[in-house]
Each structure stands twice: as C-alpha cells, then as structure tokens.
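*Asks:* Please read through the structure below; I'll follow up with questions.
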There are 2 protein chains.
Amino acid sequence: MQPEMKQTIFEKIRSIYAVRSAMALHGWDQECKMPVGGGAGRAYIMAELSGILHKSMTDPDWIATLQDASVDPKTAPDMQACVNAMLNDCVRKAKLPLSLDKAIVNGASLSQQAWVDARNVGDVHLFLPLFRNLVHLKRQEAECLAEAGQSKYEALLQTYEPGMTLCQLEPMFDTLETGLISILNQLREQGRLISSPPYAAPFPKSTQSKFLGELLPRLGFDLSRGRLDESAHPFTEGMHRNDVRITVRFREDDILDSYFSLMHECGHALYEQGFPEDWNFTPLGEAVSLGVHESQSRFWENCIGRSHEYWEGEFPLLQQFFPDALASLNLDSFMSRVQAVHPSAIRVQADEVTYNLHILLRFRLERMILEGSLNIEDIESAWNGEMQRYFGLTPAHLNEGYLQDVHWAAGLFGYFPTYTLGNIWSAQIRESMLNQFPRFNGMVSEGRFGPILQWLRDHIHTHARRFTSPELMRKATGSDIDPQCFLRYLQERYLK
Amino acid sequence: MQPEMKQTIFEKIRSIYAVRSAMALHGWDQECKMPVGGGAGRAYIMAELSGILHKSMTDPDWIATLQDASVDPKTAPDMQACVNAMLNDCVRKAKLPLSLDKAIVNGASLSQQAWVDARNVGDVHLFLPLFRNLVHLKRQEAECLAEAGQSKYEALLQTYEPGMTLCQLEPMFDTLETGLISILNQLREQGRLISSPPYAAPFPKSTQSKFLGELLPRLGFDLSRGRLDESAHPFTEGMHRNDVRITVRFREDDILDSYFSLMHECGHALYEQGFPEDWNFTPLGEAVSLGVHESQSRFWENCIGRSHEYWEGEFPLLQQFFPDALASLNLDSFMSRVQAVHPSAIRVQADEVTYNLHILLRFRLERMILEGSLNIEDIESAWNGEMQRYFGLTPAHLNEGYLQDVHWAAGLFGYFPTYTLGNIWSAQIRESMLNQFPRFNGMVSEGRFGPILQWLRDHIHTHARRFTSPELMRKATGSDIDPQCFLRYLQERYLK
C-alpha cells in the first residue's frame with residue numbers, strides 16, 4: 001500500500017469516528033442537559049447523524065478499499081489491525097438498510113424518552129407502544145445482522161462483545177449460577193444476609209459533590225480531559241480519549257451508593273482516557289468490547305473499592321468529610337456495610353454476590369423477548385417469577401421491576417451479558433496483579449494507585465481494539481475467561 | 001412541482017439543518033462544558049461536521065433541484081421562500097472550496113481557544129500566530145464569496161446581514177456617530193457622565209442564580225424548551241426552536257451586569273423559541289439576520305429593561321431578594337444606576353449612549369484588518385487611538401482592549417455592525433408598540449409582557465426568513481431603517 005493511500009484511509013476512518021463522536025456528545029447531552037421539549041428534535045438529529053454514518057461506512061468503494069488494504073502485505077501490523085476493525089464494522093453496518101438504521105436510532109431515542117415519562121408518571125402504557133415498536137425494529141436488525149446459524153440474540157450480542165457465542169456464554173453462566181447460589185445459601189445459613197441499618201445522619205449533596213470531585217484525580221482520572229456531572233442514571237460517555245465524561249447520582253441517605261457508582265464510572269473513564277493518542281478517532285482508540293470495558297469499572301468498584309485494604313486508607317478521610325454520619329462507626333462496622341450481601345430488587349444496588357444473578361435473569365428474558373417467545377405484556381410476570389426464584393422477593397413497583405434499567409428501552413438487547421463477562425475478567429485482573437505486585441494490598445491501603453493504573457494502561461488500555469477481547473485478556477491475565485476465578489474471589493472475600 | 005418532489009426537497013433541507021444543529025450543540029458545549037483538553041479533538045470534529053455540511057449543500061444536483069423548484073410556478077409561496085433561502089445559502093457555500101471551509105472552522109476553533117489562553121495568561125503572543133492564520137483564511141473566504149464590485153468586508157458582512165451594503169451602512173453610521181457624540185457632549189456639559197458607586201453589599205451568586213432563573217419565565221421564556229447555564233461570556237445558542245440555551249455570567253458586585261445580560265440573551269432566545277414549529281430545521285425556522293436577532297435582544301434589554309416603567313414593578317422584587325445590597329436605595333437612586341451613562345473601555349458594560357461608538361470603532365478597524373490596511377501588530381495602537389478620540393481613555397490591559405471580544409478570535413468579521421442595526425431597529429419596534437398599545441408603559445410597569453411578546457411573535461418571530469430583513473422590519477414597524485428614531489429614543493430617555 002502506498003503511503004498516500006494509507007493516509008487517505010486513515011483520514012476517512014477518522015472522519016467516520018468524528019461523526020460517532022458527535023453522536024456521543026448528543027447522547028451525553030440528552031441525558032445530562034437537554035431540555036425536555038428538545039426530545040423530538042434530538043431524536044431527529046441523532047437519526048440524521050446515524051444516516052450520515054451509515055452512508056459513509058457502507059459506501060462500496062470504501063469497503064473495497066479497506067478490503068484491499070486488509071490483505072496488502074505491505075500494511076504495517078498496527079494499521080492492519082485498525083483497517084480490519086474498521087472493515088468489520090463497515091461490513092456489519094452494510095448489512096443494515098439505511099432506513100432501518102435511522103428508524104432504530106430515532107425509535108430508541110423516543111422509546112428512551114417514553115421510558116423516562118412512564119417512570120415519572122408511573123404509567124407503563126406511556127412506554128409500551130414505543131417499546132413494542134423498538135423491539136420490532138431490533139428483531140429486523142438482528143435478522144439483517146445474523147450470520148449463517150446465528151440466532152437473533154447472538155447476532156445482536158456481537159455489537160457489544162464481538163466474537164462471543166451463546167455456546168460459550170451458556171455453560172459459563174450455568175457454572176456461575178450454581179456457584180453464586182451456593183455462596184448465597186451458605187451466607188443465608190450463617191445468617192449473614194443482612195441489610196445495612198440507616199446512618200446516624202444524611203450525607204449532604206454539596207459535601208458529596210466536593211468529596212467525589214476530589215476522589216477522581218486520586219484514582220488517576222485526568223480532569224483536564226474529562227468532567228463530572230449529575231444525571232438520573234450514572235454513566236460514562238467518551239467523545240474521544242481527551243473528552244471523557246462521567247455522571248453521578250447523589251443519594252443523601254447512603255454515600256456508598258454515590259461512592260461506588262463513581263468508582264465504577266471512573267474505571268470506565270480511565271480505560272477511555274488510556275487509549276493511545278496517536279490512534280485517536282480510530283478503532284485503535286476505542287474499547288475492544290463492553291465486557292472488557294466492564295472489567296475496568298468493576299475492577300475499581302469492587303476488586304479495589306470493596307476491599308478491606310482500600311478502606312483502611314479511605315475511611316478516615318470519609319469520616320472527616322461526614323463526621324455527623326460516620327463518627328460513631330469504626331472501620332469494621334463500616335466494612336460490614338461495604339461488604340454487605342443482601343438480595344434486593346435493584347441491579348445497580350446489588351452486592352457482588354447477587355449482582356450476576358440479576359444479569360442472568362435479564363439475559364434469559366431478553367433472549368425470549370427478542371426471539372418472540374415472551375410477549376411484552378408478560379415481561380412483568382416472568383420477571384417477578386425469576387426474582388422469586390433467586391431472591392424470594394417481588395418488586396414493589398415496576399420502576400423496581402423491569403423498568404429499572406434503561407437498556408431495553410434504548411434497544412440494547414445483548415448488552416447485559418457483558419456485565420458478567422466484565423465481573424469475571426475483573427477478578428482475573430486482580431489475581432494477575434496479586435502475582436505481579438507482592439505489595440498489592442499495601443499499595444491499595446496506601447492509596448498508591450499509580451502502578452496499578454499503569455499496569456492497566458500497559459496491559460489493556462493502550463491496546464484498544466488491537467486484539468480480540470479473549471486474546472487481550474489472555475495476554476493480560478495469562479488465562480482464558482474463567483468463572484471459577486471469580487467464584488474463588490467471592491469465596492475468599494465473603495465466606496472467609 | 002410534484003408533491004413527492006417537494007417532500008424530498010423538504011427532507012433534504014431538514015437533514016442539512018440537522019447537521020447545522022449538531023454543530024450548534026458542539027459550539028455551545030465548547031463554551032459551557034467541554035474539558036480544556038478536549039479542544040483539539042473538538043476543533044477536528046467541528047471541521048468534519050462542516051465538511052459534511054459543505055458536501056451536502058454544494059452537491060451540483062442538489063443546487064439544480066433547488067433552482068428548478070425556485071422557478072416552478074406551482075411551488076407554494078412559503079415553500080418557495082424556504083427553497084430560495086436554502087438555494088441562496090447553498091450557492092454561497094459552493095463558492096467556498098471544501099478544504100478552505102474546513103480550515104476556517106478548525107482555525108476558528110483553535111484561535112478561539114488560544115484567545116482564552118492568552119487572556120488567562122496575559123500573553124497576547126499565545127494568540128497572535130493562530131489569529132494571523134485565521135485572518136489569512138478569512139481573507140481567502142472573502143475573496144471566494146465576493147460578488148462583482150464587492151469588497152472583501154462587504155462579502156463577509158452578507159453572512160450576518162444578507163443584502164446589507166457598505167453604501168447603506170456608512171451614511172447611517174456617520175449620522176449615528178454625530179448624533180451620539182452630540183448627546184454625549186450634552187451629558188458631559190451637564191455633568192451627568194457619572195459612574196455608579198459601589199453597592200452596600202455584594203449580590204450572592206446563588207441568590208442571583210435563583211432570581212434570574214425565575215425571571216426567564218416571567219419574560220416569556222419557555223424553560224421546557226431551553227435552559228440556562230453559566231459561561232465566561234454570555235450567549236444564546238439555539239439547536240432548534242425547542243432547544244434554545246442561554247448562558248449568563250454572574251458578577252457579585254453588580255447585579256445589573258448579570259441582569260441585563262440575561263434580559264439581552266432572553267430576547268435572543270424568545271426570538272428562536274418563536275420560530276414556527278412546522279418549519280423547524282428549515283430556513284423558515286431560523287433568524288433572517290443577526291441585525292434582526294439583535295433588535296430582539298436589545299428591545300428587551302434596553303427598551304424594556306432600562307425603562308423607568310419596568311423598574312417600577314421590578315425593583316421591589318429585586319429588593320426583596322437582595323435586601324443587604326438594595327434596602328438603602330429608593331427607585332430614583334436605583335434608576336440613576338440603571339440609566340447611568342459613563343464611557344468605559346468595555347463594550348458589554350457600555351450604556352445605551354456609548355455602546356454604538358464601541359461598535360463603530362470595531363467596524364472601522366475590522367474593515368482595515370480584513371482589507372490588509374491594518375497590521376495585526378498595530379491593532380492595539382489603532383484601538384487605543386480610537387478609544388482616546390471617543391472616550392478620552394486608554395484600556396488598562398489588552399483584555400480590556402481588543403482582546404475583550406471573542407468575535408475576531410472566532411473569525412466573525414462583519415458581525416459587529418449587526419449590533420448597531422439591532423439597536424436602531426429595537427427603537428423602531430418600541431415606537432411601533434407605543435403607537436399600537438396605548439397602555440404600553442402601564443403594561444411594562446405591571447410586568448404584563450404577554451401582549452408585547454405576542455406582537456413580536458406575530459410581526460417578527462413567526463416570519464423567520466420569509467422576508468428580507470429590511471422588508472420584515474418595514475412590515476413590522478412601518479418604516480425603513482432609521483437611525484434618527486434611535487437618536488430620538490436616546491434623547492427622550494437621557495436628555496429629558
């Protein structure tokens with residue numbers, strides 16, 4: 001390949017990513033800043049941007065150029081990885097008709113807004129027609145994307161975890177289910193499924209905001225290349241490596257809710273800020289998969305953030321900021337809150353032991369919804385049946401039932417399993433670090449996160465999409481994905 | 001024209017405006033929210049979006065389609081106005097090479113960021129190289145855009161005030177200059193050029209924020225279709241009629257600074273919220289010119305906001321919110337602050353009498369900069385010479401000299417005159433309302449702005465770009481643009 005040719009391809013790739021970045025900003029703004037009346041216009045703009053993206057990615061000449069570059073032996077390895085990833089995305093996009101692509105973006109934006117309304121008003125019927133329409137569109141998308149022998153669900157799963165099959169997922173999830181239920185039963189038998197009592201005083205929002213704003217740089221987040229906002233549902237959105245935005249939600253009755261959700265999002269954000277500058281606006285400047293993304297967030301939130309060592313250093317600081325709420329607690333009684341295991345209806349409030357059972361429930365239901373074997377009217381009862389089976393409880397309200405997550409409302413079918421993949425990988429990362437750093441626990445208790453972040457940068461962040469996610473994680477951790485490692489980690493932390 | 005054809009044109013126009021709207025969101029975000037490290041990436045994204053816009057607007061087939069529709073007698077009048085406006089924009093855009101268009105957007109974004117840095121650090125040399133590059137690009141733009149016999153400056157002026165010529169502007173500005181200097185001299189002779197003393201106490205930012213947030217809906221601003229943020233320099237950005245955003249800057253030592261800048265921006269925002277819904281994302285859903293835009297902001301800020309009648313109703317309310325600062329003042333002493341005339345170095349703090357002299361200064365210098373008869377190194381001394389001539393003062397610092405405005409840094413040459421056009425038109429609007437509403441002053445003192453806003457909606461907002469700006473303002477006010485009307489208004493308010 002001639003250097004000029006390479007340059008042209010590089011520039012076209014970057015221009016495609018510029019539009020994706022523009023869409024990301026619109027997504028962030030819609031959640032954080034947009035006035036409610038702007039919704040219809042926003043859905044329209046998003047659909048137009050997705051149309052532009054579609055046209056530019058699916059141009060046959062462009063795909064042919066990528067194909068040529070992909071097999072050209074003179075293409076340098078990095079550039080080849082970049083071209084291959086782009087080619088993969090473009091070929092996949094070309095399977096979707098433009099009109100369907102735009103209809104999905106528009107439909108997802110409207111359904112998501114209707115979900116907000118339905119939750120606020122407490123009337124699911126505001127949501128159902130738009131959701132039904134979206135599910136219909138997502139089925140069409142799945143049919144377009146499915147390769148030979150692939151189910152609709154597996155076809156959509158590829159959007160979030162490229163290369164992952166149901167044949168790999170199902171046994172892994174079965175192993176996990178058995179293991180988790182066993183841990184849960186042991187804890188129950190020991191009488192240790194206890195919810196935490198209220199604190200002595202609330203945690204004022206303004207103090208939380210200050211405290212958490214200072215926590216971010218301590219964890220390594222670069223505030224000159226990112227920002228923190230408030231939103232109804234915490235998330236991270238990266239426009240590109242130098243503009244990565246975190247949101248948080250404050251609960252005045254429970255600092256740990258805000259605290260761990262911030263640590264979680266910070267883990268995502270550290271990943272995005274760690275992509276290589278030279279490949280900004282290309283596939284080698286973005287996440288390889290959502291499973292790997294989640295491994296980063298859960299590593300910081302759980303492996304680090306829920307460890308005893310972490311709070312040895314952090315708890316005195318937290319006490320200084322919130323003396324009214326915390327002065328009467330000692331580290332051990334605080335840790336019993338940090339590591340409390342207690343089944344609840346809400347996924348994002350779930351502890352490490354029950355969390356993946358929430359995911360399994362969603363994984364099974366969303367397959368049925370997409371494949372058409374579960375009617376939309378019947379989601380509620382199916383959901384409640386599973387909640388009974390796992391946790392013996394029934395959601396008090398649909399907002400604590402299947403309306404609790406935005407994912408389905410936004411059309412993100414096939415997304416949930418990546419949470420569990422991330423949890424498993426996070427435990428493997430931790431095990432690798434324990435081997436790598438003899439003083440790992442000491443570093444954590446001293447708040448010396450520099451070497452830990454550098455390890456993540458070197459082994460994971462900097463590689464972006466250079467390898468597939470199983471390859472990347474095998475290189476980083478030395479082993480294939482291993483639910484047993486995750487179960488060992490839970491047993492060590494919660495049963496010892 | 002066949003109905004389907006009309007539909008296709010309409011949809012293509014809307015898709016062009018969707019990209020413009022996306023650029024507007026990026027502009028707003030850059031000023032209000034973007035982390036500083038995101039700047040280079042943002043400039044790149046903006047340039048890519050402008051490239052997409054350029055390609056789609058300048059496609060020869062598209063321009064030919066518009067030309068056909070423009071002369072088709074079967075096109076309905078509204079649609080014809082819409083098509084003509086779009087055609088005009090596309091033909092104009094087609095005069096600019098794509099590479100130049102993108103270079104200007106990128107160059108303006110970088111120069112603007114360098115302007116911020118230069119102001120913060122106090123070193124103009126951080127700004128000059130990027131500014132020099134931008135001026136160079138803007139000259140090229142002007143050469144591309146200039147029609148036969150048009151100067152570079154007049155060519156760029158068309159971007160902001162279509163159809164306005166220097167032959168119209170210059171005599172109008174000369175009349176104004178003579179009249180304003182005469183008023184200023186009379187006030188000076190009467191010993192009435194007095195700056196206001198400090199207030200008894202500061203105006204806490206949080207209270208200002210609450211008070212001003214409540215002021216917006218009282219003026220008619222629909223908060224469900226807009227929002228208020230803080231930024232270094234107040235501005236209004238409309239993504240579309242249902243998402244119009246105002247920014248404000250708080251000065252704790254002077255509520256009137258925040259107050260009038262908010263009223264000003266609210267005037268802009270009311271215009272944008274008043275465009276017709278049916279023509280959202282089309283030329284009939286946007287401002288006809290910046291002069292008309294400014295007539296709306298200055299009408300609210302000055303004609304209403306600096307009137308005695310307005311504060312009869314508003315001052316008691318303001319006193320309730322800020323008792324420490326205002327309890328010791330009565331309405332008359334407060335009005336002497338509201339209507340204080342005092343030459344100062346800063347345009348945005350200028351009173352109604354001196355304001356347009358600031359504009360005349362900029363108008364003359366920017367013509368010379370663009371035409372190449374004033375070197376960039378010599379702007380400072382030329383600026384200071386004019387400040388001496390008009391006001392007998394020298395800026396203490398470049399930030400109070402030619403670095404005070406973002407316009408040149410953003411490449412907006414030809415923009416300043418529209419401020420003065422807006423001032424003139426605002427006085428004409430006021431005169432029309434006084435004729436229309438016998439109880440106009442009573443309505444203002446009672447805070448009954450509904451009929452006033454409705455008049456603006458009916459006579460100006462709803463027409464968007466259906467007429468040229470002189471046509472529109474002639475229909476609304478019954479006369480051509482008339483600097484004497486503005487001078488009469490000032491004489492009445494300040495010399496009686």
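Residues in the structure tokens are named by chain (A, B, ... in the order shown) and by number from 1 within that chain; ligands are numbered from 1 in the order shown.
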Would you give me, as a compact mmCIF listing (two decimals) with C-alpha atoms, in the first residue's frame, the residues of chain B that come within 6 Å of chain A, using only C-alpha atoms?
*Replies:*
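Generated output (selection-v4.txt):
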```txt
# COMPACT_ATOMS: atom_id res chain seq x y z
CA ALA B 18 -29.78 18.69 11.42
CA PRO B 35 -12.90 19.99 29.35
CA VAL B 36 -9.94 22.07 28.26
CA GLY B 37 -8.01 19.03 26.97
CA GLY B 38 -10.82 18.26 24.54
CA ILE B 45 -14.95 17.21 14.90
CA SER B 224 -39.21 23.24 28.91
CA ARG B 225 -37.70 24.21 25.56
CA GLY B 226 -34.48 25.75 26.78
CA ASN B 242 -37.38 23.57 21.04
CA ASP B 243 -33.87 23.56 22.45
```
*Asks:* Using only C-alpha atoms, which protein or nucleic acid residues come within 12 Å of range 202-210 of chain B? Drop anything in the same chain fewer than 5 positions from it, and give the result as a ChimeraX atom specification.
*Replies:* /B:215-216,228-230,247-259,262,318-326
*Asks:* Write the selection just made, keeping C-alpha atoms, as a PDB file, in the first residue's frame?
*Replies:*
```pdb
ATOM      1  CA  LEU B 215     -37.044  35.988  35.729  1.00  0.00           C
ATOM      2  CA  LEU B 216     -36.834  33.984  32.497  1.00  0.00           C
ATOM      3  CA  LEU B 228     -29.783  28.455  31.476  1.00  0.00           C
ATOM      4  CA  ASP B 229     -26.080  27.863  32.131  1.00  0.00           C
ATOM      5  CA  GLU B 230     -23.076  29.815  33.251  1.00  0.00           C
ATOM      6  CA  THR B 247     -25.790  31.461  29.300  1.00  0.00           C
ATOM      7  CA  VAL B 248     -25.125  34.061  31.938  1.00  0.00           C
ATOM      8  CA  ARG B 249     -22.131  35.283  33.894  1.00  0.00           C
ATOM      9  CA  PHE B 250     -22.545  36.397  37.496  1.00  0.00           C
ATOM     10  CA  ARG B 251     -20.854  39.481  38.887  1.00  0.00           C
ATOM     11  CA  GLU B 252     -21.352  39.587  42.637  1.00  0.00           C
ATOM     12  CA  ASP B 253     -20.502  43.293  42.830  1.00  0.00           C
ATOM     13  CA  ASP B 254     -23.146  44.305  40.299  1.00  0.00           C
ATOM     14  CA  ILE B 255     -26.463  42.586  39.761  1.00  0.00           C
ATOM     15  CA  LEU B 256     -27.210  44.856  36.804  1.00  0.00           C
ATOM     16  CA  ASP B 257     -24.420  43.283  34.771  1.00  0.00           C
ATOM     17  CA  SER B 258     -25.917  39.792  35.112  1.00  0.00           C
ATOM     18  CA  TYR B 259     -29.463  41.127  34.970  1.00  0.00           C
ATOM     19  CA  LEU B 262     -29.713  37.804  30.930  1.00  0.00           C
ATOM     20  CA  LEU B 318     -35.209  42.801  43.451  1.00  0.00           C
ATOM     21  CA  GLN B 319     -35.017  44.487  46.836  1.00  0.00           C
ATOM     22  CA  GLN B 320     -36.721  41.505  48.476  1.00  0.00           C
ATOM     23  CA  PHE B 321     -34.091  39.155  47.074  1.00  0.00           C
ATOM     24  CA  PHE B 322     -31.115  41.378  47.860  1.00  0.00           C
ATOM     25  CA  PRO B 323     -32.032  43.383  50.971  1.00  0.00           C
ATOM     26  CA  ASP B 324     -28.417  43.875  52.084  1.00  0.00           C
ATOM     27  CA  ALA B 325     -27.416  45.498  48.830  1.00  0.00           C
ATOM     28  CA  LEU B 326     -30.590  47.378  47.969  1.00  0.00           C
TER      29      LEU B 326
END
```
*Asks:* Hey, what does DSSP flag as helix (DSSP H, G or I) within range 119-179 of chain A? Can you give it to me as a PyMOL selection string?
*Replies:* chain A and resi 119-121+124-126+128-145+152-160+166-179
*Asks:* Select from range 214-434 of chain B everything DSSP, run on the backbone, classes as strand (DSSP E or B), then give the selection as a list of chain:residue names.
*Replies:*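 These are the residues in question: B:Gly226, B:Arg227, B:Leu228, B:Asp229, B:Glu230, B:Thr236, B:Glu237, B:Gly238, B:Met239, B:His240, B:Asp243, B:Val244, B:Arg245, B:Ile246, B:Thr247, B:Val248.
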*Asks:* With only C-alpha atoms as the counted atoms, please give the residues lying no more than 12 Å from Arg188 in chain A, apart from itself and same-chain residues fewer than 3 positions off, as an NGL selection string.
*Replies:* :A and (181-185 or 191-194 or 341-343 or 391 or 494-495)
*Asks:* Considering only C-alpha atoms, return as a list in words whatever protein or nucleic-acid residues lie within 8 Å of Leu365 in chain B, sequence-local ones (same chain, fewer than 2 positions apart) excluded.
*Replies:*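 The residues that qualify are Leu361, Arg362, Phe363, Arg367, Met368, Ile369, Leu374, Ile379, Ala382 and Trp383 of chain B.
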*Asks:* Convert the current residue selection to file output with N, CA and C atoms, as an mmCIF file, in the first residue's frame.
*Replies:*
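The resulting file, selection.cif, is shown below:
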```cif
data_model
loop_
_atom_site.group_PDB
_atom_site.id
_atom_site.type_symbol
_atom_site.label_atom_id
_atom_site.label_comp_id
_atom_site.auth_asym_id
_atom_site.auth_seq_id
_atom_site.Cartn_x
_atom_site.Cartn_y
_atom_site.Cartn_z
ATOM 1 N N LEU B 361 -16.107 51.839 16.286
ATOM 2 C CA LEU B 361 -14.667 51.597 16.399
ATOM 3 C C LEU B 361 -14.304 50.230 15.804
ATOM 4 N N ARG B 362 -15.021 49.208 16.222
ATOM 5 C CA ARG B 362 -14.714 47.853 15.755
ATOM 6 C C ARG B 362 -14.982 47.708 14.258
ATOM 7 N N PHE B 363 -16.078 48.290 13.823
ATOM 8 C CA PHE B 363 -16.449 48.234 12.404
ATOM 9 C C PHE B 363 -15.316 48.797 11.541
ATOM 10 N N ARG B 367 -12.637 46.323 9.239
ATOM 11 C CA ARG B 367 -12.535 46.506 7.782
ATOM 12 C C ARG B 367 -11.077 46.608 7.367
ATOM 13 N N MET B 368 -10.322 47.397 8.124
ATOM 14 C CA MET B 368 -8.910 47.583 7.792
ATOM 15 C C MET B 368 -8.111 46.291 7.992
ATOM 16 N N ILE B 369 -8.423 45.558 9.050
ATOM 17 C CA ILE B 369 -7.706 44.287 9.286
ATOM 18 C C ILE B 369 -7.946 43.348 8.115
ATOM 19 N N LEU B 374 -4.457 47.373 7.974
ATOM 20 C CA LEU B 374 -4.025 47.480 9.373
ATOM 21 C C LEU B 374 -3.359 46.160 9.758
ATOM 22 N N ILE B 379 -2.979 46.672 15.723
ATOM 23 C CA ILE B 379 -4.375 46.786 16.172
ATOM 24 C C ILE B 379 -4.432 47.525 17.509
ATOM 25 N N ALA B 382 -4.026 51.297 17.168
ATOM 26 C CA ALA B 382 -5.181 51.881 16.476
ATOM 27 C C ALA B 382 -6.394 51.894 17.409
ATOM 28 N N TRP B 383 -6.568 50.781 18.109
ATOM 29 C CA TRP B 383 -7.670 50.663 19.070
ATOM 30 C C TRP B 383 -7.582 51.767 20.133
#
```
*Asks:* So the first atom is CA of Lys152 in chain B and the second is CA of Gly401 in chain B; what is the distance between them in Å, to one decimal place?
*Replies:* 24.8 Å
*Asks:* Can you work out which one of B:Cys32, B:Ala146, B:Ala201, B:Val124 has the shortest atom-to-atom distance to Ile246 in chain B, counting only C-alpha atoms?
*Replies:*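 Selected residue with least distance to Ile246 in chain B: B:Cys32.
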*Asks:* Tell me, in Å to one decimal, how far CA of Gly385 in chain B is from CA of Phe173 in chain B.
*Replies:*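 We find that CA of Gly385 in chain B and CA of Phe173 in chain B lie 19.0 Å from each other.
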